[in-house]
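File shown: my_file-v9.csv (CSV, C-alpha atoms).
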chain,number,residue,atom,x,y,z
Y,2,MET,CA,52.4,106.0,129.3
Y,3,GLU,CA,54.0,106.9,126.0
Y,4,ARG,CA,52.0,106.9,122.9
Y,5,SER,CA,53.9,104.2,121.1
Y,6,ASN,CA,53.7,102.0,124.2
Y,7,VAL,CA,49.9,102.4,124.2
Y,8,ASP,CA,49.7,101.5,120.6
Y,9,LEU,CA,51.8,98.5,121.1
Y,10,TRP,CA,49.7,97.2,124.0
Y,11,VAL,CA,46.5,97.8,122.2
Y,12,GLY,CA,47.9,95.9,119.3
Y,13,VAL,CA,48.9,93.0,121.5
Y,14,PHE,CA,45.4,93.1,123.1
Y,15,VAL,CA,43.5,93.1,119.8
Y,16,ALA,CA,45.7,90.3,118.4
Y,17,ALA,CA,45.2,88.3,121.6
Y,18,GLY,CA,41.4,88.7,121.3
Y,19,ILE,CA,41.3,87.7,117.7
Y,20,GLY,CA,43.7,84.8,118.4
Y,21,ALA,CA,41.3,83.7,121.2
Y,22,LEU,CA,38.4,83.8,118.8
Y,23,LEU,CA,40.3,81.7,116.3
Y,24,PHE,CA,41.3,79.3,119.0
Y,25,LEU,CA,37.7,78.9,120.0
Y,26,ALA,CA,36.6,78.4,116.4
Y,27,LEU,CA,39.3,76.1,115.2
Y,28,LYS,CA,40.3,74.1,118.3
Y,29,ALA,CA,37.2,74.0,120.4
Y,30,GLY,CA,34.6,74.1,117.6
Y,31,ASN,CA,34.3,72.0,114.5
Y,32,VAL,CA,35.8,73.7,111.5
Y,33,ASP,CA,33.7,71.8,109.0
Y,34,SER,CA,30.6,73.6,110.3
Y,35,ILE,CA,32.1,76.9,109.3
Y,36,MET,CA,32.9,75.7,105.8
Y,37,LYS,CA,29.4,74.3,105.3
Y,38,ALA,CA,30.8,71.7,103.0
Y,39,GLU,CA,28.9,71.1,99.8
Y,40,GLY,CA,26.5,68.2,100.5
Y,41,TYR,CA,23.6,66.3,99.1
Y,42,LYS,CA,20.4,65.5,100.9
Y,43,VAL,CA,19.0,62.0,101.3
Y,44,SER,CA,15.9,61.0,103.3
Y,45,ALA,CA,15.0,57.9,105.2
Y,46,GLU,CA,11.9,56.8,107.1
Y,47,PHE,CA,12.1,55.0,110.5
Y,48,ASP,CA,9.5,53.3,112.7
Y,49,ASN,CA,11.2,54.8,115.7
Y,50,ILE,CA,14.0,57.2,115.9
Y,51,GLY,CA,14.5,57.1,119.7
Y,52,GLY,CA,16.3,60.3,120.8
Y,53,LEU,CA,17.8,61.3,117.4
Y,54,LYS,CA,18.0,65.1,117.0
Y,55,ALA,CA,18.8,67.5,114.2
Y,56,LYS,CA,22.6,68.0,113.8
Y,57,ALA,CA,23.4,64.6,115.1
Y,58,PRO,CA,26.4,63.1,113.1
Y,59,VAL,CA,25.9,60.6,110.3
Y,60,LYS,CA,28.7,58.0,110.4
Y,61,SER,CA,29.9,55.2,108.1
Y,62,ALA,CA,32.5,52.8,109.4
Y,63,GLY,CA,32.8,55.2,112.3
Y,64,VAL,CA,33.8,58.2,110.2
Y,65,ILE,CA,31.5,61.3,110.2
Y,66,VAL,CA,30.2,61.7,106.6
Y,67,GLY,CA,27.4,64.1,107.3
Y,68,ARG,CA,24.8,65.5,109.7
Y,69,VAL,CA,21.1,65.0,110.3
Y,70,GLU,CA,19.3,68.0,108.7
Y,71,SER,CA,15.9,67.6,110.2
Y,72,VAL,CA,13.6,65.2,111.9
Y,73,THR,CA,9.9,65.3,111.1
Y,74,PHE,CA,6.8,63.1,111.2
Y,75,ASN,CA,5.4,61.8,107.9
Y,76,ASN,CA,1.7,61.9,108.2
Y,77,GLN,CA,1.0,59.6,105.2
Y,78,SER,CA,3.2,56.7,106.3
Y,79,LEU,CA,2.9,57.5,110.0
Y,80,ARG,CA,6.7,57.1,110.4
Y,81,ALA,CA,9.5,59.4,111.3
Y,82,LEU,CA,11.1,61.2,108.3
Y,83,VAL,CA,14.8,62.0,108.7
Y,84,GLN,CA,16.6,64.2,106.2
Y,85,LEU,CA,20.4,63.5,106.1
Y,86,ASN,CA,22.9,66.0,104.7
Y,87,LEU,CA,25.9,64.0,103.4
Y,88,ASP,CA,29.2,65.4,102.4
Y,89,LYS,CA,29.7,65.4,98.6
Y,90,GLN,CA,33.1,63.8,98.7
Y,91,PHE,CA,31.5,60.6,100.2
Y,92,GLN,CA,29.4,58.5,97.8
Y,93,PHE,CA,27.4,55.5,98.8
Y,94,PRO,CA,25.8,52.7,96.8
Y,95,ALA,CA,22.0,53.1,96.2
Y,96,ASP,CA,21.1,50.1,98.2
Y,97,SER,CA,22.9,51.1,101.4
Y,98,SER,CA,21.0,50.8,104.6
Y,99,VAL,CA,20.8,53.3,107.4
Y,100,SER,CA,20.3,52.5,111.1
Y,101,ILE,CA,20.1,54.6,114.3
Y,102,LEU,CA,22.8,53.7,116.7
Y,103,THR,CA,23.9,54.9,120.1
Y,104,SER,CA,27.5,55.9,121.0
Y,105,GLY,CA,28.3,54.1,124.2
Y,106,LEU,CA,25.6,52.8,126.5
Y,107,LEU,CA,23.9,56.1,127.3
Y,108,GLY,CA,25.6,58.3,124.7
Y,109,ASP,CA,24.1,60.4,121.9
Y,110,GLN,CA,22.3,58.8,119.0
Y,111,PHE,CA,23.7,59.0,115.5
Y,112,VAL,CA,22.8,57.6,112.1
Y,113,GLY,CA,25.0,54.8,110.7
Y,114,ILE,CA,25.2,54.0,107.0
Y,115,ASP,CA,26.1,50.4,105.9
Y,116,PRO,CA,27.1,50.5,102.3
Y,117,GLY,CA,25.4,48.1,100.0
Y,118,GLY,CA,26.6,46.6,96.7
Y,119,ALA,CA,24.7,48.4,94.0
Y,120,LEU,CA,26.6,50.0,91.1
Y,121,GLU,CA,24.8,53.3,91.1
Y,122,ASN,CA,25.3,55.7,94.0
Y,123,LEU,CA,22.8,57.6,96.2
Y,124,GLU,CA,22.0,61.0,94.8
Y,125,GLY,CA,20.5,64.1,96.2
Y,126,GLY,CA,16.7,63.7,96.9
Y,127,ASP,CA,16.9,59.9,97.0
Y,128,ARG,CA,15.2,57.9,99.7
Y,129,VAL,CA,17.0,55.1,101.5
Y,130,ARG,CA,14.8,52.0,101.5
Y,131,ILE,CA,16.4,49.8,104.1
Y,132,THR,CA,16.3,51.3,107.5
Y,133,GLN,CA,16.7,50.0,111.0
Y,134,SER,CA,15.0,51.8,113.9
Y,135,ALA,CA,16.7,52.9,117.2
Y,136,ILE,CA,16.9,50.3,119.9
Y,137,VAL,CA,14.7,51.6,122.7
Y,138,LEU,CA,16.1,50.4,126.0
Y,139,GLU,CA,12.7,50.1,127.7
Y,140,LYS,CA,11.4,47.8,124.9
Y,141,VAL,CA,14.4,45.6,125.1
Y,142,ILE,CA,14.1,45.3,128.9
Y,143,GLY,CA,10.4,44.6,128.5
Y,144,GLN,CA,11.0,41.9,125.9
Y,145,PHE,CA,13.7,40.3,128.1
Y,146,LEU,CA,11.4,40.2,131.2
Y,147,TYR,CA,8.5,38.9,129.1
Y,148,GLY,CA,10.8,36.1,127.7
Y,149,LYS,CA,12.0,35.2,131.2
Y,150,MET,CA,8.4,34.9,132.5
Y,151,SER,CA,7.2,32.7,129.6
Y,152,GLU,CA,10.3,30.5,130.2
Y,153,LYS,CA,9.3,30.1,133.8
Y,154,ASN,CA,5.7,29.2,132.8
Y,155,THR,CA,6.7,26.4,130.5
Y,156,ASP,CA,8.9,24.8,133.1
K,193,MET,CA,-7.1,107.8,152.9
K,194,THR,CA,-4.4,110.4,152.9
K,195,PHE,CA,-1.8,107.6,153.5
K,196,VAL,CA,-3.0,105.7,150.4
K,197,ARG,CA,-2.9,108.9,148.4
K,198,LYS,CA,0.6,109.6,149.6
K,199,MET,CA,1.9,106.1,148.7
K,200,LEU,CA,0.3,106.2,145.3
K,201,SER,CA,1.7,109.6,144.5
K,202,ARG,CA,5.1,108.4,145.7
K,203,LEU,CA,4.8,105.4,143.3
K,204,GLY,CA,3.8,107.7,140.5
K,205,ARG,CA,6.7,110.0,141.1
K,206,ALA,CA,9.2,107.1,141.2
K,207,SER,CA,7.7,105.7,137.9
K,208,ILE,CA,7.9,109.1,136.2
K,209,ASP,CA,11.4,109.7,137.5
K,210,SER,CA,12.7,106.3,136.2
K,211,ILE,CA,11.1,106.8,132.8
K,212,TRP,CA,12.5,110.3,132.6
K,213,LYS,CA,15.9,109.0,133.5
K,214,LEU,CA,15.6,106.3,130.8
K,215,GLY,CA,14.6,109.0,128.3
K,216,GLU,CA,17.5,111.2,129.4
K,217,ALA,CA,19.9,108.3,129.0
K,218,SER,CA,18.6,107.5,125.5
K,219,VAL,CA,18.9,111.1,124.4
K,220,PHE,CA,22.5,111.1,125.8
K,221,MET,CA,23.4,107.9,124.1
K,222,GLY,CA,21.9,109.1,120.8
K,223,ARG,CA,24.0,112.2,121.0
K,224,VAL,CA,27.2,110.3,121.8
K,225,VAL,CA,26.6,107.8,118.9
K,226,SER,CA,25.7,110.5,116.5
K,227,ARG,CA,28.9,112.4,117.3
K,228,SER,CA,31.1,109.3,117.0
K,229,SER,CA,32.7,110.3,113.7
K,230,ILE,CA,35.6,111.8,115.8
K,231,ILE,CA,37.0,108.2,116.4
K,232,LEU,CA,37.5,108.0,112.6
K,233,ARG,CA,39.1,111.4,112.4
K,234,ARG,CA,41.3,110.9,115.5
K,235,PRO,CA,41.8,107.1,116.0
K,236,SER,CA,44.4,107.8,118.7
K,237,LEU,CA,41.6,108.8,121.1
K,238,LEU,CA,39.9,105.4,120.5
K,239,VAL,CA,43.2,103.5,120.9
K,240,ALA,CA,43.8,105.2,124.2
K,241,GLU,CA,40.4,104.2,125.4
K,242,ILE,CA,40.8,100.6,124.3
K,243,HIS,CA,44.0,100.6,126.3
K,244,PHE,CA,42.2,102.1,129.3
K,245,ALA,CA,39.2,99.7,129.1
K,246,GLY,CA,40.7,96.6,127.5
K,247,VAL,CA,44.4,96.3,128.0
K,248,LEU,CA,44.2,97.2,131.7
K,249,SER,CA,41.5,94.6,132.3
K,250,LEU,CA,43.5,91.9,130.6
K,251,VAL,CA,45.3,90.6,133.7
K,252,ILE,CA,42.1,90.1,135.7
K,253,ILE,CA,40.3,88.5,132.7
K,254,ILE,CA,43.2,86.1,132.0
K,255,VAL,CA,43.6,85.0,135.7
K,256,SER,CA,39.9,84.7,136.3
K,257,GLY,CA,39.3,82.7,133.1
K,258,LEU,CA,42.1,80.3,133.9
K,259,PHE,CA,40.8,79.7,137.4
K,260,VAL,CA,37.2,79.3,136.2
K,261,GLY,CA,38.4,76.7,133.7
K,262,LEU,CA,40.4,74.9,136.4
K,263,VAL,CA,37.4,74.7,138.7
K,264,LEU,CA,35.0,73.7,135.9
K,265,GLY,CA,37.5,70.9,134.9
K,266,LEU,CA,37.8,69.6,138.5
K,267,GLN,CA,34.1,69.7,139.2
K,268,GLY,CA,33.1,68.3,135.9
K,269,TYR,CA,35.6,65.5,136.2
K,270,GLU,CA,34.4,64.6,139.7
K,271,THR,CA,30.8,64.4,138.5
K,272,LEU,CA,31.5,62.6,135.2
K,273,LYS,CA,33.7,60.1,136.8
K,274,ARG,CA,30.6,58.5,138.3
K,275,TYR,CA,29.2,57.8,134.9
K,276,GLY,CA,32.6,56.7,133.5
K,277,SER,CA,32.5,59.4,130.8
K,278,THR,CA,35.4,61.6,131.8
K,279,GLY,CA,36.2,62.3,128.2
K,280,ALA,CA,33.1,64.5,128.0
K,281,VAL,CA,34.7,66.9,130.5
K,282,GLY,CA,36.1,68.9,127.5
K,283,THR,CA,32.6,69.3,126.1
K,284,LEU,CA,31.3,70.5,129.5
K,285,VAL,CA,34.1,73.0,130.0
K,286,ALA,CA,33.9,74.4,126.5
K,287,LEU,CA,30.1,74.7,126.2
K,288,SER,CA,29.6,76.2,129.7
K,289,LEU,CA,32.4,78.8,128.9
K,290,VAL,CA,31.5,79.7,125.4
K,291,ARG,CA,27.8,79.9,125.9
K,292,GLU,CA,27.5,81.4,129.4
K,293,LEU,CA,30.4,81.9,131.7
K,294,GLY,CA,32.7,83.5,129.1
K,295,PRO,CA,30.4,86.4,128.2
K,296,VAL,CA,28.7,86.8,131.6
K,297,VAL,CA,31.6,86.6,134.0
K,298,SER,CA,33.9,88.7,131.8
K,299,ALA,CA,31.0,91.3,131.5
K,300,LEU,CA,30.7,91.4,135.3
K,301,LEU,CA,34.5,91.7,135.7
K,302,PHE,CA,34.5,94.3,132.9
K,303,ALA,CA,31.8,96.3,134.7
K,304,SER,CA,33.7,96.3,138.0
K,305,ARG,CA,37.1,96.8,136.5
K,306,ALA,CA,36.6,99.1,133.5
K,307,GLY,CA,33.0,100.4,133.9
K,308,SER,CA,33.7,101.8,137.3
K,309,ALA,CA,36.9,103.4,136.0
K,310,ILE,CA,35.1,105.0,133.1
K,311,THR,CA,32.4,106.4,135.4
K,312,ALA,CA,35.0,107.7,137.8
K,313,LYS,CA,37.0,109.3,135.1
K,314,ILE,CA,34.0,111.2,133.5
K,315,GLY,CA,32.6,112.0,137.0
K,316,ILE,CA,35.8,113.6,138.2
K,317,MET,CA,36.2,115.5,134.9
K,318,LYS,CA,32.7,116.9,135.5
K,319,THR,CA,33.5,117.6,139.2
K,320,THR,CA,36.7,119.5,138.3
K,321,GLU,CA,34.8,121.3,135.6
K,322,GLN,CA,36.9,120.0,132.8
K,323,LEU,CA,33.8,119.2,130.8
K,324,SER,CA,32.5,122.7,131.2
K,325,ALA,CA,35.9,124.1,130.3
K,326,MET,CA,35.7,122.1,127.0
K,327,GLU,CA,32.3,123.5,126.3
K,328,MET,CA,33.7,127.0,126.8
K,329,MET,CA,36.3,126.2,124.2
K,330,ALA,CA,33.6,125.0,121.8
K,331,VAL,CA,34.9,121.4,122.2
K,332,ASP,CA,32.0,119.0,122.5
K,333,PRO,CA,32.7,116.7,125.5
K,334,HIS,CA,30.2,114.1,124.0
K,335,ALA,CA,32.5,113.7,121.0
K,336,ARG,CA,35.9,114.4,122.6
K,337,VAL,CA,35.5,112.4,125.9
K,338,VAL,CA,32.4,110.2,126.0
K,339,ALA,CA,32.3,108.7,122.5
K,340,PRO,CA,35.8,107.3,122.5
K,341,MET,CA,35.2,105.8,125.9
K,342,PHE,CA,32.0,104.2,124.8
K,343,TRP,CA,33.4,102.7,121.7
K,344,GLY,CA,36.6,101.6,123.5
K,345,GLY,CA,34.5,99.6,125.9
K,346,PHE,CA,32.3,98.3,123.0
K,347,ILE,CA,35.3,97.0,121.2
K,348,SER,CA,37.2,95.7,124.2
K,349,MET,CA,34.4,93.6,125.7
K,350,PRO,CA,34.0,90.9,123.0
K,351,LEU,CA,37.8,90.5,122.8
K,352,LEU,CA,38.0,90.1,126.6
K,353,ALA,CA,35.2,87.5,126.6
K,354,ALA,CA,36.9,85.5,123.8
K,355,ILE,CA,40.2,85.6,125.8
K,356,PHE,CA,38.3,84.6,128.9
K,357,SER,CA,36.7,81.6,127.2
K,358,ALA,CA,40.0,80.5,125.6
K,359,MET,CA,41.9,80.8,128.9
K,360,GLY,CA,39.1,78.8,130.6
K,361,ILE,CA,39.5,76.0,128.1
K,362,VAL,CA,43.2,76.1,128.6
K,363,GLY,CA,42.6,75.9,132.3
K,364,GLY,CA,40.2,72.9,131.9
K,365,TYR,CA,42.8,71.2,129.7
K,366,LEU,CA,45.6,71.8,132.2
K,367,ILE,CA,43.7,70.3,135.2
K,368,THR,CA,42.0,67.4,133.5
K,369,VAL,CA,44.5,66.3,130.9
K,370,VAL,CA,47.8,67.4,132.3
K,371,VAL,CA,47.2,66.9,136.0
K,372,ILE,CA,44.5,64.2,136.3
K,373,GLY,CA,45.3,62.4,133.1
K,374,VAL,CA,42.1,62.4,131.0
K,375,ASP,CA,42.9,61.3,127.5
K,376,SER,CA,43.8,64.3,125.4
K,377,GLY,CA,42.3,63.0,122.2
K,378,ALA,CA,38.9,62.4,123.9
K,379,PHE,CA,39.1,65.8,125.5
K,380,TRP,CA,39.5,67.7,122.2
K,381,SER,CA,37.5,65.4,119.9
K,382,GLN,CA,34.4,65.3,122.1
K,383,MET,CA,34.6,69.1,122.5
K,384,GLN,CA,34.9,69.5,118.7
K,385,THR,CA,31.9,67.3,117.9
K,386,SER,CA,29.6,69.1,120.3
K,387,VAL,CA,30.7,72.8,120.0
K,388,ASP,CA,29.0,74.3,117.0
K,389,PHE,CA,30.5,77.4,115.4
K,390,HIS,CA,27.2,79.2,114.6
K,391,HIS,CA,25.1,77.9,117.5
K,392,ASP,CA,27.6,78.1,120.3
K,393,ILE,CA,30.6,80.3,119.5
K,394,LEU,CA,28.8,83.0,117.4
K,395,ASN,CA,26.0,83.3,119.9
K,396,GLY,CA,28.5,83.7,122.7
K,397,VAL,CA,30.1,86.5,120.7
K,398,ILE,CA,26.7,88.2,120.1
K,399,LYS,CA,26.1,88.0,123.8
K,400,SER,CA,29.4,89.6,124.7
K,401,VAL,CA,28.7,92.4,122.1
K,402,VAL,CA,25.3,93.1,123.7
K,403,PHE,CA,26.9,93.1,127.2
K,404,GLY,CA,29.7,95.3,126.1
K,405,THR,CA,27.2,97.8,124.7
K,406,ALA,CA,25.1,97.8,127.9
K,407,VAL,CA,28.0,98.1,130.3
K,408,SER,CA,29.8,100.8,128.4
K,409,ALA,CA,26.6,102.8,127.9
K,410,ILE,CA,25.7,102.6,131.6
K,411,ALA,CA,29.2,103.5,132.6
K,412,VAL,CA,29.5,106.6,130.4
K,413,TYR,CA,25.9,107.8,131.3
K,414,GLU,CA,26.3,107.4,135.0
K,415,GLY,CA,29.6,109.3,134.9
K,416,TYR,CA,28.1,112.1,132.8
K,417,ALA,CA,25.0,112.3,134.9
K,418,SER,CA,26.8,112.1,138.3
K,419,VAL,CA,26.3,114.8,140.9
K,420,PRO,CA,29.6,116.8,140.7
K,421,THR,CA,30.7,116.2,144.2
K,422,ALA,CA,33.0,113.6,145.8
K,423,GLU,CA,30.0,111.8,147.2
K,424,GLY,CA,28.1,112.1,143.9
K,425,VAL,CA,30.9,110.5,141.9
K,426,SER,CA,31.3,107.6,144.4
K,427,ARG,CA,27.6,107.0,144.2
K,428,ALA,CA,27.7,107.1,140.4
K,429,VAL,CA,30.5,104.4,140.4
K,430,THR,CA,28.5,102.2,142.7
K,431,ARG,CA,25.4,102.6,140.5
K,432,THR,CA,27.4,101.7,137.4
K,433,VAL,CA,28.6,98.4,139.0
K,434,VAL,CA,25.2,97.4,140.4
K,435,THR,CA,23.1,98.5,137.3
K,436,SER,CA,25.6,96.8,134.9
K,437,ALA,CA,25.6,93.5,136.9
K,438,LEU,CA,21.8,93.5,136.9
K,439,ALA,CA,21.5,94.5,133.3
K,440,VAL,CA,24.0,91.8,132.2
K,441,LEU,CA,22.2,89.0,134.1
K,442,ALA,CA,18.8,90.1,132.9
K,443,LEU,CA,20.0,90.5,129.3
K,444,ASP,CA,21.7,87.1,129.5
K,445,PHE,CA,18.4,85.4,130.5
K,446,VAL,CA,16.6,87.0,127.6
K,447,LEU,CA,19.3,86.2,125.0
K,448,THR,CA,19.6,82.6,126.3
K,449,ALA,CA,15.9,82.2,126.0
K,450,PHE,CA,16.1,83.3,122.4
K,451,MET,CA,19.3,81.5,121.4
K,452,PHE,CA,19.4,78.2,123.1
K,453,THR,CA,15.8,77.0,123.4
K,454,GLY,CA,14.1,75.0,120.7
K,455,ALA,CA,15.0,71.9,118.8
K,456,HIS,CA,18.7,71.3,119.3

Represent the structure contained in this file as structure tokens.
Amino acid sequence: MERSNVDLWVGVFVAAGIGALLFLALKAGNVDSIMKAEGYKVSAEFDNIGGLKAKAPVKSAGVIVGRVESVTFNNQSLRALVQLNLDKQFQFPADSSVSILTSGLLGDQFVGIDPGGALENLEGGDRVRITQSAIVLEKVIGQFLYGKMSEKNTD
Amino acid sequence: MTFVRKMLSRLGRASIDSIWKLGEASVFMGRVVSRSSIILRRPSLLVAEIHFAGVLSLVIIIVSGLFVGLVLGLQGYETLKRYGSTGAVGTLVALSLVRELGPVVSALLFASRAGSAITAKIGIMKTTEQLSAMEMMAVDPHARVVAPMFWGGFISMPLLAAIFSAMGIVGGYLITVVVIGVDSGAFWSQMQTSVDFHHDILNGVIKSVVFGTAVSAIAVYEGYASVPTAEGVSRAVTRTVVTSALAVLALDFVLTAFMFTGAH
């Protein structure tokens, strides 16, 4: 094959390869994880986090506003300590509450933020006071069965 | 007693031989890499080898990627349908391609399409004494022939793997969204929330770079070390494909164990 032809095809090949990588990064992956948007960290303690994992989304009103940074156990309070990394462009009142929710019936768990009414906003390093733990399906079923049984006994 | 002695000494000979061969291959690769500056002085050599290893493998990679994506989409849809979460099929297709199938399958195809061709080319140059002729003319065949081939494979492989993964996702999209009718928004958005750039895509690229290095190194070494006869070259080509396939799968296990285990 002619030299210029070889050059052309190699150019096409390299361009296609880089194009495929860009396609994977932009269309298949999430772009915001490349940018590493400037964020601020907020912590919250839960009695039970269920199956929450690091990198799970943090949503408010259904919109992703950040990601779970880490999940650890606080040995002083004996509760789960969750670090949230929130996007700087989203500000929440200081008395907002966080809860652990499930997308769909068996979907992944994520953290939901319900904004409060305070005038000051949450800042980096703050701790969210009002938290609601994950609903553990086994516990709910257990309570339901227990309720049914006690109902029967009173009849 | 003599039988045990014979078996033991045979085992010892095999061990020494394989270690000796490993050392020989390392010395050879060291020599090739240390004389690679020729690809900066004469880039046209490298371009020709990228054409030989990459462009000529493009058709098989595109077609295989498309079909792997089609099959993944179909199988994933059939399974996810039972749980009523067919929107997650995009996640399934993208993660399995980007993390595993893209790098591994394209490395296996690359070994059988380009690796075998590289071995055959070098082997036949050796058989027809072209390499000796170069040495006679004070041209170093490591630099003139082997180094561009090695780097050509090294550069081509990650690009081929990326093309394979992208084509697979397109295939999965075609079969599930266009043909079956899964919601297009759910397909892309679920994929985007679960495919992480650093954790999934970058690790996939690292894998394909490692596989490309391994396959190219095996291919050029087997060609250079082949017995210069018709049969010797044919055996060298077979060894390239078999060794590359085993090396890719073993390396894949090790890399996966490092990359994708732990708290995620």

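The interatomic distance for the pair CA of Leu200 (chain K) and CA of Leu214 (chain K) works out to 21.1 Å.
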
Checklist entry - Hey, what's within 10 Å of Ala135 (chain Y) if we count only C-alpha atoms and toss same-chain stuff fewer than 3 positions away? As an NGL selection string, please? => result :Y and (47-53 or 100-103 or 110-112 or 132 or 138)

Checklist entry - CA of His334 (chain K) and CA of Ala422 (chain K) are how many Å apart? => result 22.0 Å

List as JSON lines every residue of chain K that is in contact with chain Y, defined as an atom at most 8 Å from one of its atoms (using all atoms listed in the file), together with the nearest atom pair and the distance in Å rounded to one decimal, sorted by chain and then rising number.
{"residue": "K:Val239", "atom": "CA", "partner": "Y:Val11", "partner_atom": "CA", "distance": 6.7}
{"residue": "K:Ala240", "atom": "CA", "partner": "Y:Val7", "partner_atom": "CA", "distance": 6.7}
{"residue": "K:Ile242", "atom": "CA", "partner": "Y:Val11", "partner_atom": "CA", "distance": 6.7}
{"residue": "K:His243", "atom": "CA", "partner": "Y:Val11", "partner_atom": "CA", "distance": 5.6}
{"residue": "K:Gly246", "atom": "CA", "partner": "Y:Phe14", "partner_atom": "CA", "distance": 7.3}
{"residue": "K:Val247", "atom": "CA", "partner": "Y:Phe14", "partner_atom": "CA", "distance": 5.9}
{"residue": "K:Leu250", "atom": "CA", "partner": "Y:Phe14", "partner_atom": "CA", "distance": 7.8}
{"residue": "K:Ala286", "atom": "CA", "partner": "Y:Ala29", "partner_atom": "CA", "distance": 6.9}
{"residue": "K:Pro350", "atom": "CA", "partner": "Y:Gly18", "partner_atom": "CA", "distance": 7.9}
{"residue": "K:Leu351", "atom": "CA", "partner": "Y:Gly18", "partner_atom": "CA", "distance": 4.3}
{"residue": "K:Leu352", "atom": "CA", "partner": "Y:Gly18", "partner_atom": "CA", "distance": 6.5}
{"residue": "K:Ala354", "atom": "CA", "partner": "Y:Ala21", "partner_atom": "CA", "distance": 5.4}
{"residue": "K:Ile355", "atom": "CA", "partner": "Y:Ala21", "partner_atom": "CA", "distance": 5.1}
{"residue": "K:Ser357", "atom": "CA", "partner": "Y:Leu25", "partner_atom": "CA", "distance": 7.8}
{"residue": "K:Ala358", "atom": "CA", "partner": "Y:Ala21", "partner_atom": "CA", "distance": 5.6}
{"residue": "K:Trp380", "atom": "CA", "partner": "Y:Ala29", "partner_atom": "CA", "distance": 6.9}
{"residue": "K:Met383", "atom": "CA", "partner": "Y:Ala29", "partner_atom": "CA", "distance": 5.9}
{"residue": "K:Gln384", "atom": "CA", "partner": "Y:Gly30", "partner_atom": "CA", "distance": 4.7}
{"residue": "K:Thr385", "atom": "CA", "partner": "Y:Asn31", "partner_atom": "CA", "distance": 6.3}
{"residue": "K:Ser386", "atom": "CA", "partner": "Y:Gly30", "partner_atom": "CA", "distance": 7.6}
{"residue": "K:Val387", "atom": "CA", "partner": "Y:Gly30", "partner_atom": "CA", "distance": 4.8}
{"residue": "K:Asp388", "atom": "CA", "partner": "Y:Gly30", "partner_atom": "CA", "distance": 5.6}
{"residue": "K:Phe389", "atom": "CA", "partner": "Y:Gly30", "partner_atom": "CA", "distance": 5.7}
{"residue": "K:His390", "atom": "CA", "partner": "Y:Ile35", "partner_atom": "CA", "distance": 7.6}
{"residue": "K:Ile393", "atom": "CA", "partner": "Y:Ala26", "partner_atom": "CA", "distance": 7.0}
{"residue": "K:Ala455", "atom": "CA", "partner": "Y:Ala55", "partner_atom": "CA", "distance": 7.4}
{"residue": "K:His456", "atom": "CA", "partner": "Y:Ala55", "partner_atom": "CA", "distance": 6.4}

Checklist entry - Mind listing as JSON, numbers by chain all residues within 12 Å of (35.9, 93.8, 133.8), counting only C-alpha atoms? => result {"K": [244, 245, 246, 247, 248, 249, 250, 251, 252, 253, 254, 255, 256, 257, 294, 295, 296, 297, 298, 299, 300, 301, 302, 303, 304, 305, 306, 307, 308, 309, 310, 345, 348, 349, 350, 351, 352, 353, 356, 400, 403, 404, 407, 408, 411, 433, 436, 437]}

Would you kindly return, as a short mmCIF file (atom, residue, chain, number, x, y, z; two decimals) with C-alpha atoms, keeping the file's coordinate frame, each protein, DNA or RNA residue with an atom no farther than 10 Å from any atom of region 369-372 of chain K, considering only C-alpha atoms and excluding same-chain residues fewer than 6 positions away?
data_model
loop_
_atom_site.label_atom_id
_atom_site.label_comp_id
_atom_site.auth_asym_id
_atom_site.auth_seq_id
_atom_site.Cartn_x
_atom_site.Cartn_y
_atom_site.Cartn_z
CA GLY K 265 37.50 70.90 134.90
CA LEU K 266 37.80 69.60 138.50
CA TYR K 269 35.60 65.50 136.20
CA GLY K 279 36.20 62.30 128.20
CA VAL K 281 34.70 66.90 130.50
CA GLY K 282 36.10 68.90 127.50
CA GLY K 363 42.60 75.90 132.30
CA ALA K 378 38.90 62.40 123.90
CA PHE K 379 39.10 65.80 125.50
#

Checklist entry - Which residues come within 10 Å of Phe452 (chain K), counting all atoms listed in the file, excluding same-chain residues fewer than 6 positions away, as a PyMOL selection string? => result chain K and resi 291+391-392+395

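In this model, the gap between CA of Lys313 (chain K) and CA of Tyr413 (chain K) comes to 11.8 Å.
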
Around all of region 4-8 of chain Y's listed atoms, make the axis-aligned box with 5 Å on each side and tell me centre and edge lengths in Å to one decimal, as JSON.
{"center_x": 51.8, "center_y": 104.2, "center_z": 122.4, "size_x": 14.2, "size_y": 15.4, "size_z": 13.6}

Next on the checklist: Need to verify the contact set: region 217-224 of chain K, 12 Å, all atoms listed in the file, exclusion of same-chain residues closer than 6 positions in sequence. Can you return it as a PyMOL selection string?
Outcome noted: chain K and resi 210-211+230-231+332-343+405-406+408-417

Env of Asp127 (chain Y): 10 Å cut, atoms = only C-alpha atoms, seq-sep filter 6 positions within chain, self excluded. Answer as a short mmCIF file (atom, residue, chain, number, x, y, z; two decimals) with C-alpha atoms, in the frame of the given file.
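For reference, selection31.cif as written:
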data_model
loop_
_atom_site.label_atom_id
_atom_site.label_comp_id
_atom_site.auth_asym_id
_atom_site.auth_seq_id
_atom_site.Cartn_x
_atom_site.Cartn_y
_atom_site.Cartn_z
CA TYR Y 41 23.60 66.30 99.10
CA LYS Y 42 20.40 65.50 100.90
CA VAL Y 43 19.00 62.00 101.30
CA SER Y 44 15.90 61.00 103.30
CA ALA Y 45 15.00 57.90 105.20
CA ALA Y 95 22.00 53.10 96.20
#
